file my_file30.cif (mmCIF, C-alpha atoms)
data_model
#
loop_
_atom_site.group_PDB
_atom_site.id
_atom_site.type_symbol
_atom_site.label_atom_id
_atom_site.label_comp_id
_atom_site.auth_asym_id
_atom_site.auth_seq_id
_atom_site.Cartn_x
_atom_site.Cartn_y
_atom_site.Cartn_z
ATOM 1 C CA MET A 1 -16.954 41.990 -31.962
ATOM 2 C CA SER A 2 -18.456 45.377 -31.152
ATOM 3 C CA LEU A 3 -19.486 46.476 -27.674
ATOM 4 C CA TRP A 4 -22.695 48.137 -28.946
ATOM 5 C CA PRO A 5 -24.869 44.984 -29.097
ATOM 6 C CA TRP A 6 -23.950 44.171 -25.489
ATOM 7 C CA LEU A 7 -24.772 47.724 -24.397
ATOM 8 C CA GLY A 8 -28.075 47.420 -26.269
ATOM 9 C CA LEU A 9 -28.869 44.206 -24.399
ATOM 10 C CA ALA A 10 -28.102 45.946 -21.111
ATOM 11 C CA GLY A 11 -30.206 48.976 -22.116
ATOM 12 C CA LEU A 12 -33.210 46.817 -22.992
ATOM 13 C CA GLY A 13 -32.675 44.930 -19.737
ATOM 14 C CA ALA A 14 -32.757 48.218 -17.834
ATOM 15 C CA PHE A 15 -35.908 49.258 -19.723
ATOM 16 C CA HIS A 16 -37.400 45.882 -18.817
ATOM 17 C CA GLY A 17 -36.376 46.458 -15.186
ATOM 18 C CA ILE A 18 -38.352 49.714 -15.022
ATOM 19 C CA ASN A 19 -41.530 47.717 -15.633
ATOM 20 C CA PRO A 20 -40.868 43.970 -15.347
ATOM 21 C CA ALA A 21 -44.450 43.183 -16.385
ATOM 22 C CA MET A 22 -43.864 44.350 -19.973
ATOM 23 C CA GLY A 23 -41.757 41.357 -20.950
ATOM 24 C CA TRP A 24 -40.603 38.039 -19.594
ATOM 25 C CA LEU A 25 -37.271 36.325 -19.330
ATOM 26 C CA PHE A 26 -38.568 33.132 -20.983
ATOM 27 C CA ALA A 27 -39.261 35.015 -24.214
ATOM 28 C CA VAL A 28 -35.862 36.682 -24.134
ATOM 29 C CA ALA A 29 -34.143 33.324 -23.690
ATOM 30 C CA LEU A 30 -36.183 31.551 -26.367
ATOM 31 C CA THR A 31 -35.871 34.422 -28.818
ATOM 32 C CA ALA A 32 -32.126 34.631 -28.270
ATOM 33 C CA LEU A 33 -31.780 30.907 -28.865
ATOM 34 C CA ALA A 34 -34.027 31.041 -31.944
ATOM 35 C CA VAL A 35 -32.251 34.028 -33.539
ATOM 36 C CA VAL A 36 -28.766 32.706 -32.895
ATOM 37 C CA GLY A 37 -29.784 29.203 -33.991
ATOM 38 C CA LEU A 38 -31.678 30.410 -37.050
ATOM 39 C CA GLY A 39 -28.671 32.494 -38.024
ATOM 40 C CA ARG A 40 -27.017 29.220 -38.970
ATOM 41 C CA VAL A 41 -29.745 28.076 -41.384
ATOM 42 C CA VAL A 42 -31.887 31.086 -42.364
ATOM 43 C CA ASP A 43 -30.776 34.285 -44.043
ATOM 44 C CA GLU A 44 -30.441 37.068 -41.449
ATOM 45 C CA ARG A 45 -32.120 39.487 -43.849
ATOM 46 C CA ALA A 46 -35.294 37.379 -43.843
ATOM 47 C CA VAL A 47 -35.258 37.140 -40.031
ATOM 48 C CA GLY A 48 -34.689 40.906 -39.715
ATOM 49 C CA ILE A 49 -37.455 41.880 -42.151
ATOM 50 C CA ALA A 50 -39.970 39.401 -40.713
ATOM 51 C CA SER A 51 -39.211 40.578 -37.173
ATOM 52 C CA GLY A 52 -39.582 44.242 -38.186
ATOM 53 C CA VAL A 53 -42.959 43.655 -39.830
ATOM 54 C CA ILE A 54 -44.210 41.618 -36.855
ATOM 55 C CA LEU A 55 -43.081 44.291 -34.357
ATOM 56 C CA ILE A 56 -44.753 47.146 -36.224
ATOM 57 C CA GLY A 57 -47.919 45.074 -36.686
ATOM 58 C CA TRP A 58 -47.957 44.163 -33.025
ATOM 59 C CA ALA A 59 -47.401 47.803 -32.013
ATOM 60 C CA ALA A 60 -50.429 48.825 -34.089
ATOM 61 C CA TYR A 61 -52.556 46.075 -32.534
ATOM 62 C CA HIS A 62 -51.313 46.930 -29.040
ATOM 63 C CA ALA A 63 -52.108 50.616 -29.554
ATOM 64 C CA LEU A 64 -55.645 49.794 -30.702
ATOM 65 C CA TYR A 65 -56.630 46.810 -28.518
ATOM 66 C CA GLY A 66 -53.726 45.922 -26.194
ATOM 67 C CA SER A 67 -55.118 46.743 -22.775
ATOM 68 C CA ARG A 68 -58.729 45.726 -23.402
ATOM 69 C CA HIS A 69 -58.359 41.990 -22.821
ATOM 70 C CA ARG A 70 -59.526 40.451 -19.595
ATOM 71 C CA VAL A 71 -57.376 37.914 -17.770
ATOM 72 C CA ARG A 72 -58.373 34.316 -18.499
ATOM 73 C CA VAL A 73 -55.907 32.441 -16.311
ATOM 74 C CA GLY A 74 -56.141 31.915 -12.572
ATOM 75 C CA MET A 75 -53.432 32.477 -9.996
ATOM 76 C CA ARG A 76 -52.584 28.792 -9.466
ATOM 77 C CA THR A 77 -50.351 27.090 -11.978
ATOM 78 C CA GLY A 78 -47.374 24.769 -12.104
ATOM 79 C CA MET A 79 -43.931 25.470 -13.527
ATOM 80 C CA ALA A 80 -44.951 24.341 -17.031
ATOM 81 C CA GLY A 81 -48.011 26.604 -16.927
ATOM 82 C CA LEU A 82 -45.874 29.509 -15.712
ATOM 83 C CA ALA A 83 -43.336 28.973 -18.502
ATOM 84 C CA LEU A 84 -46.055 28.719 -21.147
ATOM 85 C CA TRP A 85 -47.974 31.740 -19.873
ATOM 86 C CA SER A 86 -44.798 33.815 -19.537
ATOM 87 C CA PHE A 87 -43.711 32.982 -23.086
ATOM 88 C CA LEU A 88 -47.158 33.762 -24.491
ATOM 89 C CA MET A 89 -47.368 37.097 -22.665
ATOM 90 C CA ALA A 90 -43.869 38.098 -23.670
ATOM 91 C CA GLY A 91 -44.706 37.221 -27.241
ATOM 92 C CA ALA A 92 -47.835 39.306 -26.928
ATOM 93 C CA HIS A 93 -45.768 42.258 -25.721
ATOM 94 C CA GLY A 94 -43.053 41.773 -28.337
ATOM 95 C CA ALA A 95 -40.355 41.589 -25.663
ATOM 96 C CA GLY A 96 -38.394 38.798 -27.294
ATOM 97 C CA LEU A 97 -38.486 40.309 -30.781
ATOM 98 C CA MET A 98 -37.053 43.569 -29.448
ATOM 99 C CA LEU A 99 -33.714 41.760 -29.166
ATOM 100 C CA VAL A 100 -33.520 40.715 -32.827
ATOM 101 C CA PRO A 101 -31.590 43.806 -34.050
ATOM 102 C CA ILE A 102 -29.055 43.217 -31.289
ATOM 103 C CA LEU A 103 -28.753 39.452 -31.602
ATOM 104 C CA ILE A 104 -28.193 39.337 -35.365
ATOM 105 C CA PRO A 105 -24.902 41.310 -35.193
ATOM 106 C CA LEU A 106 -23.844 39.240 -32.168
ATOM 107 C CA ALA A 107 -24.544 36.039 -34.072
ATOM 108 C CA GLN A 108 -22.410 37.299 -36.961
ATOM 109 C CA GLY A 109 -19.464 38.437 -34.832
ATOM 110 C CA GLY A 110 -16.332 36.455 -35.532
ATOM 111 C CA SER A 111 -17.860 34.308 -38.270
ATOM 112 C CA HIS A 112 -18.632 34.528 -41.943
ATOM 113 C CA VAL A 113 -21.857 36.378 -42.683
ATOM 114 C CA GLY A 114 -24.738 33.944 -42.398
ATOM 115 C CA HIS A 115 -22.714 31.208 -40.677
ATOM 116 C CA VAL A 116 -22.629 31.013 -36.903
ATOM 117 C CA PRO A 117 -20.602 28.160 -35.454
ATOM 118 C CA ALA A 118 -22.866 25.702 -33.637
ATOM 119 C CA THR A 119 -20.562 25.527 -30.621
ATOM 120 C CA GLY A 120 -20.832 29.279 -29.982
ATOM 121 C CA SER A 121 -24.609 29.509 -30.287
ATOM 122 C CA LEU A 122 -25.477 28.219 -26.821
ATOM 123 C CA TRP A 123 -22.777 30.262 -25.089
ATOM 124 C CA LEU A 124 -23.706 33.393 -26.995
ATOM 125 C CA THR A 125 -27.363 32.888 -26.122
ATOM 126 C CA LEU A 126 -26.584 32.357 -22.433
ATOM 127 C CA ALA A 127 -24.332 35.428 -22.365
ATOM 128 C CA ALA A 128 -26.994 37.578 -24.068
ATOM 129 C CA VAL A 129 -29.708 36.438 -21.663
ATOM 130 C CA GLY A 130 -27.330 36.912 -18.735
ATOM 131 C CA VAL A 131 -26.464 40.511 -19.667
ATOM 132 C CA HIS A 132 -30.145 41.347 -20.198
ATOM 133 C CA THR A 133 -31.154 39.695 -16.922
ATOM 134 C CA LEU A 134 -28.428 41.350 -14.846
ATOM 135 C CA ALA A 135 -29.340 44.797 -16.183
ATOM 136 C CA MET A 136 -33.035 44.114 -15.518
ATOM 137 C CA LEU A 137 -32.413 42.929 -11.952
ATOM 138 C CA ALA A 138 -30.041 45.820 -11.192
ATOM 139 C CA THR A 139 -32.611 48.354 -12.425
ATOM 140 C CA THR A 140 -35.495 46.698 -10.580
ATOM 141 C CA GLY A 141 -33.396 46.505 -7.421
ATOM 142 C CA ALA A 142 -32.344 50.146 -7.661
ATOM 143 C CA ILE A 143 -35.961 51.258 -8.109
ATOM 144 C CA ALA A 144 -37.042 49.097 -5.175
ATOM 145 C CA VAL A 145 -34.384 50.616 -2.905
ATOM 146 C CA VAL A 146 -35.219 54.196 -3.958
ATOM 147 C CA VAL A 147 -38.954 53.669 -3.412
ATOM 148 C CA TYR A 148 -38.485 51.838 -0.109
ATOM 149 C CA GLU A 149 -35.792 54.117 1.371
ATOM 150 C CA TRP A 150 -36.742 57.581 0.090
ATOM 151 C CA LEU A 151 -40.021 57.875 -1.805
ATOM 152 C CA GLY A 152 -42.276 55.540 0.139
ATOM 153 C CA LEU A 153 -44.806 53.048 -1.159
ATOM 154 C CA ALA A 154 -47.533 55.686 -1.477
ATOM 155 C CA PHE A 155 -45.560 57.051 -4.432
ATOM 156 C CA LEU A 156 -46.468 53.946 -6.433
ATOM 157 C CA ARG A 157 -50.173 54.690 -6.060
ATOM 158 C CA ARG A 158 -49.971 58.233 -7.361
ATOM 159 C CA GLY A 159 -46.687 58.560 -9.234
ATOM 160 C CA TRP A 160 -45.949 55.458 -11.267
ATOM 161 C CA ILE A 161 -45.774 55.942 -15.012
ATOM 162 C CA ASN A 162 -47.926 53.889 -17.363
ATOM 163 C CA LEU A 163 -45.374 52.702 -19.899
ATOM 164 C CA ASP A 164 -47.816 51.383 -22.537
ATOM 165 C CA LEU A 165 -47.275 54.343 -24.872
ATOM 166 C CA VAL A 166 -43.504 54.195 -24.408
ATOM 167 C CA TRP A 167 -43.592 50.436 -25.086
ATOM 168 C CA THR A 168 -45.656 50.885 -28.265
ATOM 169 C CA ALA A 169 -43.223 53.542 -29.508
ATOM 170 C CA ALA A 170 -40.278 51.254 -28.715
ATOM 171 C CA LEU A 171 -41.891 48.420 -30.701
ATOM 172 C CA VAL A 172 -42.422 50.689 -33.718
ATOM 173 C CA ALA A 173 -38.889 52.102 -33.487
ATOM 174 C CA THR A 174 -37.310 48.659 -33.282
ATOM 175 C CA GLY A 175 -39.435 47.381 -36.163
ATOM 176 C CA ALA A 176 -38.470 50.407 -38.250
ATOM 177 C CA ILE A 177 -34.780 49.913 -37.443
ATOM 178 C CA LEU A 178 -35.021 46.299 -38.569
ATOM 179 C CA LEU A 179 -36.779 47.209 -41.802
ATOM 180 C CA VAL A 180 -34.308 49.986 -42.637
ATOM 181 C CA ALA A 181 -31.284 47.855 -41.757
ATOM 182 C CA TRP A 182 -32.406 44.691 -43.563
ATOM 183 C CA GLY A 183 -34.896 46.013 -46.156
#

call {"tool": "encode", "arguments": {"input": "my_file30.cif", "output": "structure tokens"}}
result
Amino acid sequence: MSLWPWLGLAGLGAFHGINPAMGWLFAVALTALAVVGLGRVVDERAVGIASGVILIGWAAYHALYGSRHRVRVGMRTGMAGLALWSFLMAGAHGAGLMLVPILIPLAQGGSHVGHVPATGSLWLTLAAVGVHTLAMLATTGAIAVVVYEWLGLAFLRRGWINLDLVWTAALVATGAILLVAWG
């Protein structure tokens, strides 16, 4: 099994850690489980092409209308509401689908193409989510320490980068990679 998919998971986790609001861990976990699980019953090519088309379509929608929606949910919710809202928002940002080009090769590693052993699916999913989460938390923690110790909180008011354009470009790039690789 190649090291590149794991480095990709860590890189996306670090990107997520720069702006934790652009994606949510619930979507990463559910997408990882879905991709690895679907790899046992659905052709990876179909999953890759569908994910690429959805990502590019979502990037176009996000570029045109993404930040114009008003918030419709209050600040008080239970754990089920938090999980549902987090999954919906991550789906809206495309965070989970960004992992598809990384998870498909991981799901294929050590098995025949198109056949992932059922016993490895859960462990592979947990490992993928764990690598992504650790990279995200390390990046977020490093940024927090740098801002708190050296830059000061006033920096956030005047110096923080709006990552919407970067996120839209990342969605298009990932969708294009999927379409080229599986098309």

call {"tool": "atom_distance", "arguments": {"input": "my_file30.cif", "atom1": "atom CA of Val131 of chain A", "atom2": "atom CA of Pro20 of chain A"}}
result
15.4 Å

call {"tool": "atom_distance", "arguments": {"input": "my_file30.cif", "atom1": "atom CA of Leu33 of chain A", "atom2": "atom CA of Trp123 of chain A"}}
result
9.8 Å

call {"tool": "resolve_selection", "arguments": {"input": "my_file30.cif", "expression": "the PyMOL selection byres ((chain A and resi 14) around 10)", "output": "list in words"}}
result
Gly8, Leu9, Ala10, Gly11, Leu12, Gly13, Phe15, His16, Gly17, Ile18, Asn19, Pro20, His132, Thr133, Leu134, Ala135, Met136, Leu137, Ala138, Thr139 and Thr140 of chain A

call {"tool": "write_last_selection", "arguments": {"input": "my_file30.cif", "atoms": "C-alpha atoms", "output": "short mmCIF file (atom, residue, chain, number, x, y, z; two decimals), in the coordinates of the input"}}
result
data_model
loop_
_atom_site.label_atom_id
_atom_site.label_comp_id
_atom_site.auth_asym_id
_atom_site.auth_seq_id
_atom_site.Cartn_x
_atom_site.Cartn_y
_atom_site.Cartn_z
CA GLY A 8 -28.08 47.42 -26.27
CA LEU A 9 -28.87 44.21 -24.40
CA ALA A 10 -28.10 45.95 -21.11
CA GLY A 11 -30.21 48.98 -22.12
CA LEU A 12 -33.21 46.82 -22.99
CA GLY A 13 -32.67 44.93 -19.74
CA PHE A 15 -35.91 49.26 -19.72
CA HIS A 16 -37.40 45.88 -18.82
CA GLY A 17 -36.38 46.46 -15.19
CA ILE A 18 -38.35 49.71 -15.02
CA ASN A 19 -41.53 47.72 -15.63
CA PRO A 20 -40.87 43.97 -15.35
CA HIS A 132 -30.14 41.35 -20.20
CA THR A 133 -31.15 39.70 -16.92
CA LEU A 134 -28.43 41.35 -14.85
CA ALA A 135 -29.34 44.80 -16.18
CA MET A 136 -33.03 44.11 -15.52
CA LEU A 137 -32.41 42.93 -11.95
CA ALA A 138 -30.04 45.82 -11.19
CA THR A 139 -32.61 48.35 -12.42
CA THR A 140 -35.49 46.70 -10.58
#

call {"tool": "residues_around", "arguments": {"input": "my_file30.cif", "residues": "Ala170 of chain A", "least_positions_apart": "6", "cutoff": "12 Å", "atoms": "only C-alpha atoms", "output": "CSV table (one decimal) with C-alpha atoms, in the coordinates of the input"}}
result
chain,number,residue,atom,x,y,z
A,12,LEU,CA,-33.2,46.8,-23.0
A,15,PHE,CA,-35.9,49.3,-19.7
A,16,HIS,CA,-37.4,45.9,-18.8
A,22,MET,CA,-43.9,44.4,-20.0
A,52,GLY,CA,-39.6,44.2,-38.2
A,55,LEU,CA,-43.1,44.3,-34.4
A,56,ILE,CA,-44.8,47.1,-36.2
A,58,TRP,CA,-48.0,44.2,-33.0
A,59,ALA,CA,-47.4,47.8,-32.0
A,60,ALA,CA,-50.4,48.8,-34.1
A,62,HIS,CA,-51.3,46.9,-29.0
A,63,ALA,CA,-52.1,50.6,-29.6
A,93,HIS,CA,-45.8,42.3,-25.7
A,94,GLY,CA,-43.1,41.8,-28.3
A,95,ALA,CA,-40.4,41.6,-25.7
A,97,LEU,CA,-38.5,40.3,-30.8
A,98,MET,CA,-37.1,43.6,-29.4
A,99,LEU,CA,-33.7,41.8,-29.2
A,163,LEU,CA,-45.4,52.7,-19.9
A,164,ASP,CA,-47.8,51.4,-22.5
A,176,ALA,CA,-38.5,50.4,-38.2
A,177,ILE,CA,-34.8,49.9,-37.4

call {"tool": "closest_residue", "arguments": {"input": "my_file30.cif", "among": "A:Val47, A:Val129, A:Val146, A:Ala83", "to": "Leu178 of chain A", "atoms": "all atoms listed in the file"}}
result
A:Val47

call {"tool": "atom_distance", "arguments": {"input": "my_file30.cif", "atom1": "atom CA of Ala169 of chain A", "atom2": "atom CA of Glu44 of chain A"}}
result
24.0 Å

call {"tool": "residues_around", "arguments": {"input": "my_file30.cif", "residues": "Ala32 of chain A", "least_positions_apart": "4", "cutoff": "8 Å", "atoms": "only C-alpha atoms", "output": "list in words"}}
result
Val28, Val36, Gly96, Leu99, Val100, Leu103, Thr125, Ala128 and Val129 of chain A

call {"tool": "closest_residue", "arguments": {"input": "my_file30.cif", "among": "A:Ile104, A:Ile161, A:Leu179, A:Val166", "to": "Leu38 of chain A", "atoms": "only C-alpha atoms"}}
result
A:Ile104

call {"tool": "residues_around", "arguments": {"input": "my_file30.cif", "residues": "Arg45 of chain A", "least_positions_apart": "4", "cutoff": "10 Å", "atoms": "only C-alpha atoms", "output": "list in words"}}
result
Gly39, Ile49, Ala50, Ser51, Ile104, Gly114, Leu178, Leu179, Ala181, Trp182 and Gly183 of chain A

call {"tool": "axis_aligned_box", "arguments": {"input": "my_file30.cif", "around": "segment 47-61 of chain A", "padding_each_side": "5 Å", "output": "AutoDock Vina command-line options"}}
result
--center_x -43.6 --center_y 43.0 --center_z -37.1 --size_x 27.9 --size_y 21.7 --size_z 20.1

call {"tool": "closest_residue", "arguments": {"input": "my_file30.cif", "among": "A:Leu151, A:Ile143, A:Leu30, A:Val35", "to": "Leu84 of chain A", "atoms": "only C-alpha atoms"}}
result
A:Leu30

call {"tool": "closest_residue", "arguments": {"input": "my_file30.cif", "among": "A:Pro101, A:Leu106, A:Gly152, A:Gly78", "to": "Leu171 of chain A", "atoms": "all atoms listed in the file"}}
result
A:Pro101

call {"tool": "build_atoms", "arguments": {"input": "my_file30.cif", "residues": "segment 34-70 of chain A", "atoms": "N, CA and C atoms", "output": "mmCIF file, in the frame of the given file"}}
result
data_model
loop_
_atom_site.group_PDB
_atom_site.id
_atom_site.type_symbol
_atom_site.label_atom_id
_atom_site.label_comp_id
_atom_site.auth_asym_id
_atom_site.auth_seq_id
_atom_site.Cartn_x
_atom_site.Cartn_y
_atom_site.Cartn_z
ATOM 1 N N ALA A 34 -33.480 31.176 -30.592
ATOM 2 C CA ALA A 34 -34.027 31.041 -31.944
ATOM 3 C C ALA A 34 -33.251 31.890 -32.946
ATOM 4 N N VAL A 35 -32.952 33.146 -32.603
ATOM 5 C CA VAL A 35 -32.251 34.028 -33.539
ATOM 6 C C VAL A 35 -30.832 33.538 -33.788
ATOM 7 N N VAL A 36 -30.134 33.181 -32.724
ATOM 8 C CA VAL A 36 -28.766 32.706 -32.895
ATOM 9 C C VAL A 36 -28.763 31.369 -33.641
ATOM 10 N N GLY A 37 -29.690 30.496 -33.303
ATOM 11 C CA GLY A 37 -29.784 29.203 -33.991
ATOM 12 C C GLY A 37 -30.219 29.347 -35.438
ATOM 13 N N LEU A 38 -31.208 30.199 -35.680
ATOM 14 C CA LEU A 38 -31.678 30.410 -37.050
ATOM 15 C C LEU A 38 -30.625 31.088 -37.912
ATOM 16 N N GLY A 39 -29.743 31.850 -37.283
ATOM 17 C CA GLY A 39 -28.671 32.494 -38.024
ATOM 18 C C GLY A 39 -27.774 31.507 -38.745
ATOM 19 N N ARG A 40 -27.816 30.244 -38.310
ATOM 20 C CA ARG A 40 -27.017 29.220 -38.970
ATOM 21 C C ARG A 40 -27.702 28.662 -40.207
ATOM 22 N N VAL A 41 -29.037 28.741 -40.284
ATOM 23 C CA VAL A 41 -29.745 28.076 -41.384
ATOM 24 C C VAL A 41 -30.643 29.005 -42.198
ATOM 25 N N VAL A 42 -30.992 30.162 -41.670
ATOM 26 C CA VAL A 42 -31.887 31.086 -42.364
ATOM 27 C C VAL A 42 -31.149 32.397 -42.595
ATOM 28 N N ASP A 43 -31.386 33.003 -43.714
ATOM 29 C CA ASP A 43 -30.776 34.285 -44.043
ATOM 30 C C ASP A 43 -31.168 35.346 -43.010
ATOM 31 N N GLU A 44 -30.176 36.050 -42.468
ATOM 32 C CA GLU A 44 -30.441 37.068 -41.449
ATOM 33 C C GLU A 44 -31.361 38.156 -41.967
ATOM 34 N N ARG A 45 -31.262 38.458 -43.253
ATOM 35 C CA ARG A 45 -32.120 39.487 -43.849
ATOM 36 C C ARG A 45 -33.591 39.100 -43.705
ATOM 37 N N ALA A 46 -33.907 37.846 -43.969
ATOM 38 C CA ALA A 46 -35.294 37.379 -43.843
ATOM 39 C C ALA A 46 -35.770 37.454 -42.395
ATOM 40 N N VAL A 47 -34.904 37.067 -41.454
ATOM 41 C CA VAL A 47 -35.258 37.140 -40.031
ATOM 42 C C VAL A 47 -35.462 38.591 -39.618
ATOM 43 N N GLY A 48 -34.577 39.484 -40.065
ATOM 44 C CA GLY A 48 -34.689 40.906 -39.715
ATOM 45 C C GLY A 48 -35.952 41.547 -40.271
ATOM 46 N N ILE A 49 -36.261 41.288 -41.540
ATOM 47 C CA ILE A 49 -37.455 41.880 -42.151
ATOM 48 C C ILE A 49 -38.721 41.322 -41.516
ATOM 49 N N ALA A 50 -38.783 40.012 -41.337
ATOM 50 C CA ALA A 50 -39.970 39.401 -40.713
ATOM 51 C C ALA A 50 -40.173 39.946 -39.300
ATOM 52 N N SER A 51 -39.095 40.057 -38.539
ATOM 53 C CA SER A 51 -39.211 40.578 -37.173
ATOM 54 C C SER A 51 -39.673 42.032 -37.173
ATOM 55 N N GLY A 52 -39.162 42.839 -38.101
ATOM 56 C CA GLY A 52 -39.582 44.242 -38.186
ATOM 57 C C GLY A 52 -41.054 44.390 -38.499
ATOM 58 N N VAL A 53 -41.542 43.608 -39.466
ATOM 59 C CA VAL A 53 -42.959 43.655 -39.830
ATOM 60 C C VAL A 53 -43.833 43.200 -38.658
ATOM 61 N N ILE A 54 -43.431 42.124 -37.997
ATOM 62 C CA ILE A 54 -44.210 41.618 -36.855
ATOM 63 C C ILE A 54 -44.252 42.653 -35.735
ATOM 64 N N LEU A 55 -43.112 43.289 -35.431
ATOM 65 C CA LEU A 55 -43.081 44.291 -34.357
ATOM 66 C C LEU A 55 -43.969 45.491 -34.658
ATOM 67 N N ILE A 56 -43.913 45.999 -35.879
ATOM 68 C CA ILE A 56 -44.753 47.146 -36.224
ATOM 69 C C ILE A 56 -46.222 46.746 -36.209
ATOM 70 N N GLY A 57 -46.534 45.561 -36.731
ATOM 71 C CA GLY A 57 -47.919 45.074 -36.686
ATOM 72 C C GLY A 57 -48.409 44.897 -35.260
ATOM 73 N N TRP A 58 -47.557 44.348 -34.415
ATOM 74 C CA TRP A 58 -47.957 44.163 -33.025
ATOM 75 C C TRP A 58 -48.129 45.510 -32.317
ATOM 76 N N ALA A 59 -47.267 46.474 -32.621
ATOM 77 C CA ALA A 59 -47.401 47.803 -32.013
ATOM 78 C C ALA A 59 -48.734 48.430 -32.386
ATOM 79 N N ALA A 60 -49.131 48.284 -33.655
ATOM 80 C CA ALA A 60 -50.429 48.825 -34.089
ATOM 81 C C ALA A 60 -51.576 48.131 -33.354
ATOM 82 N N TYR A 61 -51.513 46.811 -33.250
ATOM 83 C CA TYR A 61 -52.556 46.075 -32.534
ATOM 84 C C TYR A 61 -52.579 46.470 -31.063
ATOM 85 N N HIS A 62 -51.403 46.576 -30.458
ATOM 86 C CA HIS A 62 -51.313 46.930 -29.040
ATOM 87 C C HIS A 62 -51.870 48.333 -28.794
ATOM 88 N N ALA A 63 -51.589 49.253 -29.706
ATOM 89 C CA ALA A 63 -52.108 50.616 -29.554
ATOM 90 C C ALA A 63 -53.634 50.644 -29.652
ATOM 91 N N LEU A 64 -54.196 49.802 -30.510
ATOM 92 C CA LEU A 64 -55.645 49.794 -30.702
ATOM 93 C C LEU A 64 -56.393 48.948 -29.668
ATOM 94 N N TYR A 65 -55.867 47.766 -29.337
ATOM 95 C CA TYR A 65 -56.630 46.810 -28.518
ATOM 96 C C TYR A 65 -55.870 46.247 -27.323
ATOM 97 N N GLY A 66 -54.602 46.587 -27.147
ATOM 98 C CA GLY A 66 -53.726 45.922 -26.194
ATOM 99 C C GLY A 66 -54.194 45.784 -24.769
ATOM 100 N N SER A 67 -54.774 46.804 -24.192
ATOM 101 C CA SER A 67 -55.118 46.743 -22.775
ATOM 102 C C SER A 67 -56.588 46.422 -22.532
ATOM 103 N N ARG A 68 -57.297 45.981 -23.547
ATOM 104 C CA ARG A 68 -58.729 45.726 -23.402
ATOM 105 C C ARG A 68 -59.085 44.263 -23.171
ATOM 106 N N HIS A 69 -58.089 43.413 -23.002
ATOM 107 C CA HIS A 69 -58.359 41.990 -22.821
ATOM 108 C C HIS A 69 -58.458 41.665 -21.334
ATOM 109 N N ARG A 70 -59.413 40.852 -20.991
ATOM 110 C CA ARG A 70 -59.526 40.451 -19.595
ATOM 111 C C ARG A 70 -58.657 39.218 -19.349
#
